[in-house]
Structure formats: structure tokens, C-alpha cells
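Trainee: As input, take upload.csv (CSV, C-alpha atoms):
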chain,number,residue,atom,x,y,z
A,1,MET,CA,14.6,-12.7,9.7
A,2,GLY,CA,11.8,-14.8,8.5
A,3,ASP,CA,10.2,-17.8,10.2
A,4,LYS,CA,10.8,-21.3,9.1
A,5,GLY,CA,7.3,-21.6,7.5
A,6,SER,CA,7.8,-18.8,5.1
A,7,ALA,CA,11.5,-19.4,4.3
A,8,GLU,CA,10.9,-23.0,3.3
A,9,PRO,CA,9.4,-23.5,-0.2
A,10,LEU,CA,5.8,-24.7,-0.4
A,11,GLU,CA,6.9,-27.9,-2.2
A,12,ALA,CA,9.2,-28.8,0.7
A,13,ARG,CA,6.5,-28.2,3.3
A,14,LEU,CA,4.1,-30.3,1.3
A,15,ALA,CA,6.5,-33.2,1.0
A,16,ALA,CA,7.2,-33.0,4.8
A,17,ARG,CA,3.5,-32.9,5.6
A,18,LEU,CA,2.7,-35.9,3.4
A,19,GLY,CA,5.4,-37.8,5.3
A,20,GLU,CA,4.0,-36.7,8.6
A,21,LEU,CA,0.5,-37.9,7.6
A,22,ARG,CA,1.8,-41.3,6.8
A,23,THR,CA,3.8,-41.6,10.1
A,24,GLU,CA,0.9,-40.3,12.2
A,25,ARG,CA,-1.1,-43.3,11.0
A,26,GLY,CA,1.8,-45.7,11.6
A,27,TRP,CA,1.9,-46.8,8.0
A,28,SER,CA,5.0,-47.9,6.2
A,29,LEU,CA,5.6,-46.8,2.6
A,30,ASP,CA,4.5,-50.3,1.5
A,31,GLU,CA,1.2,-49.9,3.4
A,32,LEU,CA,0.6,-46.4,1.9
A,33,ALA,CA,1.4,-47.8,-1.6
A,34,ARG,CA,-1.1,-50.6,-1.1
A,35,ARG,CA,-3.9,-48.2,0.1
A,36,ALA,CA,-3.2,-45.5,-2.6
A,37,GLY,CA,-2.3,-47.7,-5.6
A,38,ILE,CA,0.9,-45.7,-6.1
A,39,SER,CA,4.3,-47.2,-6.3
A,40,ARG,CA,6.5,-47.2,-3.2
A,41,SER,CA,9.3,-45.6,-5.0
A,42,THR,CA,7.1,-42.7,-6.2
A,43,LEU,CA,5.8,-42.1,-2.7
A,44,SER,CA,9.4,-42.2,-1.3
A,45,ARG,CA,10.6,-39.7,-3.8
A,46,LEU,CA,7.5,-37.5,-3.2
A,47,GLU,CA,8.1,-37.5,0.6
A,48,ARG,CA,11.8,-36.6,0.1
A,49,GLY,CA,10.8,-33.7,-2.2
A,50,GLU,CA,12.6,-35.2,-5.2
A,51,ILE,CA,9.4,-34.9,-7.3
A,52,SER,CA,6.4,-32.7,-7.3
A,53,PRO,CA,3.0,-34.4,-7.1
A,54,THR,CA,0.6,-34.1,-10.0
A,55,ALA,CA,-3.0,-33.0,-9.2
A,56,ALA,CA,-4.2,-36.6,-9.7
A,57,LEU,CA,-1.5,-38.0,-7.4
A,58,LEU,CA,-2.3,-35.4,-4.7
A,59,ASN,CA,-6.0,-36.0,-5.0
A,60,THR,CA,-5.4,-39.8,-4.5
A,61,LEU,CA,-3.3,-39.1,-1.4
A,62,CYS,CA,-6.0,-36.6,-0.1
A,63,THR,CA,-8.6,-39.4,-0.4
A,64,VAL,CA,-6.4,-41.9,1.4
A,65,TYR,CA,-5.7,-39.3,4.2
A,66,GLU,CA,-9.4,-38.3,4.3
A,67,ARG,CA,-8.7,-34.6,3.6
A,68,THR,CA,-9.8,-32.1,1.0
A,69,MET,CA,-7.0,-30.7,-1.1
A,70,SER,CA,-7.7,-27.3,0.2
A,71,ARG,CA,-7.3,-28.5,3.8
A,72,LEU,CA,-4.0,-30.2,2.9
A,73,LEU,CA,-2.7,-27.1,1.2
A,74,ALA,CA,-3.9,-24.9,4.1
A,75,GLU,CA,-1.9,-27.2,6.5
A,76,VAL,CA,1.3,-26.3,4.6
A,77,GLU,CA,0.8,-22.5,4.3
A,78,SER,CA,3.4,-20.3,5.6
A,79,GLU,CA,3.2,-19.4,9.3
A,80,PRO,CA,0.8,-16.6,10.1
A,81,PRO,CA,2.2,-13.1,10.8
A,82,GLN,CA,2.7,-12.6,14.6
A,83,VAL,CA,1.5,-9.0,14.5
A,84,VAL,CA,-1.8,-8.1,12.9
A,85,ARG,CA,-1.8,-4.3,12.6
A,86,ALA,CA,-5.1,-2.5,13.2
A,87,ALA,CA,-5.2,-1.3,9.6
A,88,ALA,CA,-5.0,-4.9,8.4
A,89,GLN,CA,-7.9,-6.2,10.5
A,90,PRO,CA,-10.9,-6.8,8.3
A,91,VAL,CA,-14.1,-5.1,9.4
A,92,TRP,CA,-17.5,-6.2,8.2
A,93,ARG,CA,-20.7,-4.2,8.9
A,94,ASP,CA,-24.3,-5.3,8.7
A,95,GLU,CA,-26.1,-2.0,8.9
A,96,THR,CA,-29.5,-3.7,8.8
A,97,SER,CA,-29.0,-5.7,11.9
A,98,GLY,CA,-26.7,-3.2,13.7
A,99,PHE,CA,-23.7,-5.5,13.9
A,100,THR,CA,-20.0,-4.7,13.3
A,101,ARG,CA,-17.4,-7.4,13.3
A,102,ARG,CA,-13.6,-6.7,13.4
A,103,SER,CA,-11.4,-9.7,12.9
A,104,VAL,CA,-8.6,-8.7,15.4
A,105,SER,CA,-6.7,-12.0,15.0
A,106,PRO,CA,-8.0,-13.6,11.8
A,107,PRO,CA,-8.2,-17.3,11.5
A,108,HIS,CA,-5.3,-19.2,9.9
A,109,ALA,CA,-4.8,-22.8,9.0
A,110,GLY,CA,-1.8,-23.1,11.4
A,111,LEU,CA,-3.8,-21.8,14.4
A,112,ARG,CA,-6.8,-23.0,16.3
A,113,GLY,CA,-8.0,-19.7,17.7
A,114,GLU,CA,-9.1,-16.3,16.6
A,115,VAL,CA,-10.1,-13.1,18.2
A,116,VAL,CA,-13.1,-11.0,17.1
A,117,GLU,CA,-14.4,-7.6,18.3
A,118,GLY,CA,-18.2,-7.4,18.0
A,119,THR,CA,-20.3,-4.3,18.4
A,120,LEU,CA,-24.1,-4.4,18.5
A,121,SER,CA,-26.3,-1.3,18.2
A,122,PRO,CA,-29.0,-0.8,20.9
A,123,GLY,CA,-31.8,-3.2,20.2
A,124,ALA,CA,-29.8,-5.4,17.8
A,125,ASP,CA,-30.8,-9.0,18.0
A,126,ILE,CA,-28.8,-11.7,16.0
A,127,ALA,CA,-29.6,-15.4,16.0
A,128,TYR,CA,-27.5,-18.3,14.6
A,129,ASP,CA,-29.0,-21.7,13.9
A,130,GLY,CA,-25.9,-23.6,14.9
A,131,PRO,CA,-22.2,-23.3,15.2
A,132,PRO,CA,-19.9,-23.4,12.2
A,133,VAL,CA,-18.0,-26.2,13.9
A,134,PRO,CA,-19.9,-28.3,16.5
A,135,GLY,CA,-18.2,-28.0,19.9
A,136,VAL,CA,-16.3,-24.8,19.1
A,137,GLU,CA,-15.1,-23.1,22.2
A,138,GLN,CA,-16.0,-19.5,22.8
A,139,HIS,CA,-15.0,-16.9,25.4
A,140,ILE,CA,-17.0,-13.6,25.3
A,141,TRP,CA,-15.6,-10.7,27.3
A,142,VAL,CA,-17.9,-7.6,27.4
A,143,LEU,CA,-15.8,-4.5,27.1
A,144,GLU,CA,-18.6,-1.9,27.1
A,145,GLY,CA,-22.4,-2.0,27.5
A,146,ALA,CA,-24.7,-4.9,28.1
A,147,VAL,CA,-25.7,-8.0,26.1
A,148,GLU,CA,-27.9,-11.0,26.5
A,149,ILE,CA,-26.2,-14.1,25.0
A,150,THR,CA,-28.1,-17.3,24.6
A,151,ALA,CA,-26.0,-20.4,23.9
A,152,ASN,CA,-27.1,-24.0,23.8
A,153,GLY,CA,-30.6,-22.9,25.0
A,154,ARG,CA,-29.4,-21.0,28.1
A,155,ALA,CA,-29.6,-17.2,28.3
A,156,HIS,CA,-27.0,-15.1,30.1
A,157,GLU,CA,-27.1,-11.3,30.7
A,158,LEU,CA,-23.6,-9.8,30.8
A,159,ALA,CA,-22.4,-6.3,31.6
A,160,ALA,CA,-19.0,-4.6,31.1
A,161,GLY,CA,-16.2,-6.7,32.5
A,162,ASP,CA,-18.2,-10.0,32.5
A,163,CYS,CA,-17.0,-13.0,30.6
A,164,LEU,CA,-19.0,-16.0,29.3
A,165,ARG,CA,-17.3,-19.2,28.2
A,166,PHE,CA,-18.7,-22.3,26.7
A,167,ARG,CA,-18.5,-24.9,23.9
A,168,LEU,CA,-21.2,-24.4,21.4
A,169,TRP,CA,-23.2,-27.3,20.2
A,170,GLY,CA,-26.6,-25.7,19.3
A,171,SER,CA,-28.0,-22.3,18.4
A,172,SER,CA,-26.9,-19.0,19.8
A,173,ARG,CA,-28.3,-15.5,20.0
A,174,PHE,CA,-26.7,-12.1,20.7
A,175,ARG,CA,-29.0,-9.2,21.9
A,176,CYS,CA,-28.0,-5.7,22.9
A,177,VAL,CA,-30.1,-5.1,26.0
A,178,GLY,CA,-28.8,-1.6,27.0
A,179,PRO,CA,-29.6,1.9,25.8
A,180,ALA,CA,-26.0,2.1,24.4
A,181,PRO,CA,-24.1,-0.1,22.0
A,182,VAL,CA,-22.4,-3.2,23.4
A,183,ARG,CA,-18.8,-4.0,22.5
A,184,TYR,CA,-17.2,-7.3,23.2
A,185,ALA,CA,-14.2,-9.5,22.5
A,186,LEU,CA,-15.0,-13.0,21.2
A,187,MET,CA,-12.2,-15.6,21.4
A,188,VAL,CA,-13.0,-18.6,19.3
A,189,VAL,CA,-11.0,-21.9,19.7
A,190,LEU,CA,-11.6,-24.8,17.3
A,191,PRO,CA,-11.9,-28.2,18.9
So, in terms of C-alpha cells, how does the structure I just supplied come out?

Mentor:
Amino acid sequence: MGDKGSAEPLEARLAARLGELRTERGWSLDELARRAGISRSTLSRLERGEISPTAALLNTLCTVYERTMSRLLAEVESEPPQVVRAAAQPVWRDETSGFTRRSVSPPHAGLRGEVVEGTLSPGADIAYDGPPVPGVEQHIWVLEGAVEITANGRAHELAAGDCLRFRLWGSSRFRCVGPAPVRYALMVVLP
């Protein structure tokens, strides 16, 4: 049994999303036609899934809806898998800085959160100039070891079992302060 998102063809999900974007703004087909310079009948057929959009038509609608084409297409991707098996979790290692990152619950266009497991070697010190998305919410739960985390200019020393939570607007820094590696779970929630 598949979920609705993967069973429904991409074209049908795209047509439905274009209709949702128009209704979210409270626009009639006539209003969208005026804003986009596309005939009302073409827009109506497009939203009903009777025709497939050309790249030019889709680009025009993306401009009207203030979206990149990649964002619009990501919004209609199939639903993410509910189970992410350990073997399918991408692992990235930076041997130079002593950082290992496992994407336990990878990001997906249909979800706002993700879970990352981070491991820092003793003495590892990693700084970030700013968040990838201003105001991103983070929850950091230390599983083993000790770490000093600086977020928005404020330093916090955490030991196993401690949890730090904040919305990140500025720079951040992760520093392993113990004699052993630190392992933590990082939950990221987009605003």
C-alpha cells in the first residue's frame, strides 16, 4: 500500500498545487490571468490537469507566486518514506576538523524538521558564520561526552543528557571540551 503522494502522478500533484497557490492568495482565475498574462481558460485547464505546463508557462507562474521552479517542484514531490533505515542514512566525515555527521532523518520538501547525529573528536572546534535559514529552530541533546555550544553569542557547556534549544539568528560554534568524543542528536526545525 502506497501513500497518496507517491500513488498520484507528478502532473496531477503539480496541477493541484498550482490551484492551492491561487486559492491561498484569494485570487480568482481572472485575477491570476491578469497577473500572469495567461488566458483564464489555459489556467483553468492547467489546474484541472487537462494540460501539462510548458517550461515557459511554469516559469511565469513561479514568478507570479514568488517561487523558484525547484521549490515548486519540491512541494509536489512524493511523500517522504516513513522509515529511514540505518544503512540509508547518509554519513559525512570531515577528518581534518574531527566531525562526523549522520543524517538520521534527512530533510525533505514535505517536512519542516530533520534529525542529525553529530560526533566531535576531542578538541574539535567548528564555527559557523550564520544559520542556513535565519531563525531556524535547533534542539541539541547530548548523548555522550561534553560539548560547549555557542549560539547567538551565548556559550553553553553541556554534558550527557543535557539538551539545549534555541532559534538561531547569528553565528554558532561547537567545541568538544572533554577528553572523549562528544555525540549528540541535533533536531532542526525550519521556521

Trainee: Taking all atoms listed in the file into account, name the residue in A:Val147, A:Cys163, A:Cys62, A:Cys176 that is nearest to Arg17 (chain A).

Mentor: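 Ranked by minimum distance to Arg17 (chain A), first place goes to A:Cys62.
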
Trainee: As an exercise, work out the distance from CA of Arg93 (chain A) to CA of Ile126 (chain A) in Å and give it to one decimal place.

Mentor: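 Pair CA of Arg93 (chain A) / CA of Ile126 (chain A) returns 13.1 Å.
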
Trainee: What's around Arg22 (chain A) at 12 Å? Count only C-alpha atoms, leave out sequence neighbours fewer than 2 positions away in its own chain, and write the answer as a PDB file with C-alpha atoms, in the coordinates of the input.

Mentor:
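In the end it all went to selection21.pdb:
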ATOM      1  CA  ALA A  15       6.500 -33.200   1.000  1.00  0.00           C
ATOM      2  CA  ALA A  16       7.200 -33.000   4.800  1.00  0.00           C
ATOM      3  CA  ARG A  17       3.500 -32.900   5.600  1.00  0.00           C
ATOM      4  CA  LEU A  18       2.700 -35.900   3.400  1.00  0.00           C
ATOM      5  CA  GLY A  19       5.400 -37.800   5.300  1.00  0.00           C
ATOM      6  CA  GLU A  20       4.000 -36.700   8.600  1.00  0.00           C
ATOM      7  CA  GLU A  24       0.900 -40.300  12.200  1.00  0.00           C
ATOM      8  CA  ARG A  25      -1.100 -43.300  11.000  1.00  0.00           C
ATOM      9  CA  GLY A  26       1.800 -45.700  11.600  1.00  0.00           C
ATOM     10  CA  TRP A  27       1.900 -46.800   8.000  1.00  0.00           C
ATOM     11  CA  SER A  28       5.000 -47.900   6.200  1.00  0.00           C
ATOM     12  CA  LEU A  29       5.600 -46.800   2.600  1.00  0.00           C
ATOM     13  CA  ASP A  30       4.500 -50.300   1.500  1.00  0.00           C
ATOM     14  CA  GLU A  31       1.200 -49.900   3.400  1.00  0.00           C
ATOM     15  CA  LEU A  32       0.600 -46.400   1.900  1.00  0.00           C
ATOM     16  CA  ALA A  33       1.400 -47.800  -1.600  1.00  0.00           C
ATOM     17  CA  ARG A  35      -3.900 -48.200   0.100  1.00  0.00           C
ATOM     18  CA  ALA A  36      -3.200 -45.500  -2.600  1.00  0.00           C
ATOM     19  CA  LEU A  43       5.800 -42.100  -2.700  1.00  0.00           C
ATOM     20  CA  SER A  44       9.400 -42.200  -1.300  1.00  0.00           C
ATOM     21  CA  GLU A  47       8.100 -37.500   0.600  1.00  0.00           C
ATOM     22  CA  LEU A  61      -3.300 -39.100  -1.400  1.00  0.00           C
ATOM     23  CA  CYS A  62      -6.000 -36.600  -0.100  1.00  0.00           C
ATOM     24  CA  VAL A  64      -6.400 -41.900   1.400  1.00  0.00           C
ATOM     25  CA  TYR A  65      -5.700 -39.300   4.200  1.00  0.00           C
ATOM     26  CA  GLU A  66      -9.400 -38.300   4.300  1.00  0.00           C
TER      27      GLU A  66
END

Trainee: Rank nothing, just name the residue among A:Ala160, A:Leu186, A:Val76, A:Ala180 nearest to Val104 (chain A), using all atoms listed in the file.

Mentor: A:Leu186

Trainee: For Arg67 (chain A), which residue among A:Gly37, A:Arg154, A:Val188, A:Leu21 is the nearest when counting only C-alpha atoms?

Mentor: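 The closest residue to Arg67 (chain A) is A:Leu21.
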
Trainee: What does the distance from CA of Glu148 (chain A) to CA of Pro181 (chain A) come to in Å, to one decimal?

Mentor: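 Atom-to-atom, CA of Glu148 (chain A) and CA of Pro181 (chain A) are spaced 12.4 Å apart.
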
Trainee: Can you measure CA of Ala86 (chain A) to CA of Leu164 (chain A) for me? One decimal in Å is fine.

Mentor: 25.2 Å

Trainee: From the list A:Ser52, A:Ser41, A:Gln89, A:Ser103, which residue is nearest Ala12 (chain A) when using only C-alpha atoms?

Mentor: A:Ser52

Trainee: Contacts of Ser171 (chain A) at 7 Å or less, counting all atoms listed in the file, minus same-chain residues fewer than 3 places along, as a list in words?

Mentor: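 Counting only the stated atoms, we get Tyr128, Asp129, Gly130, Pro131, Ala151 and Asn152 of chain A.
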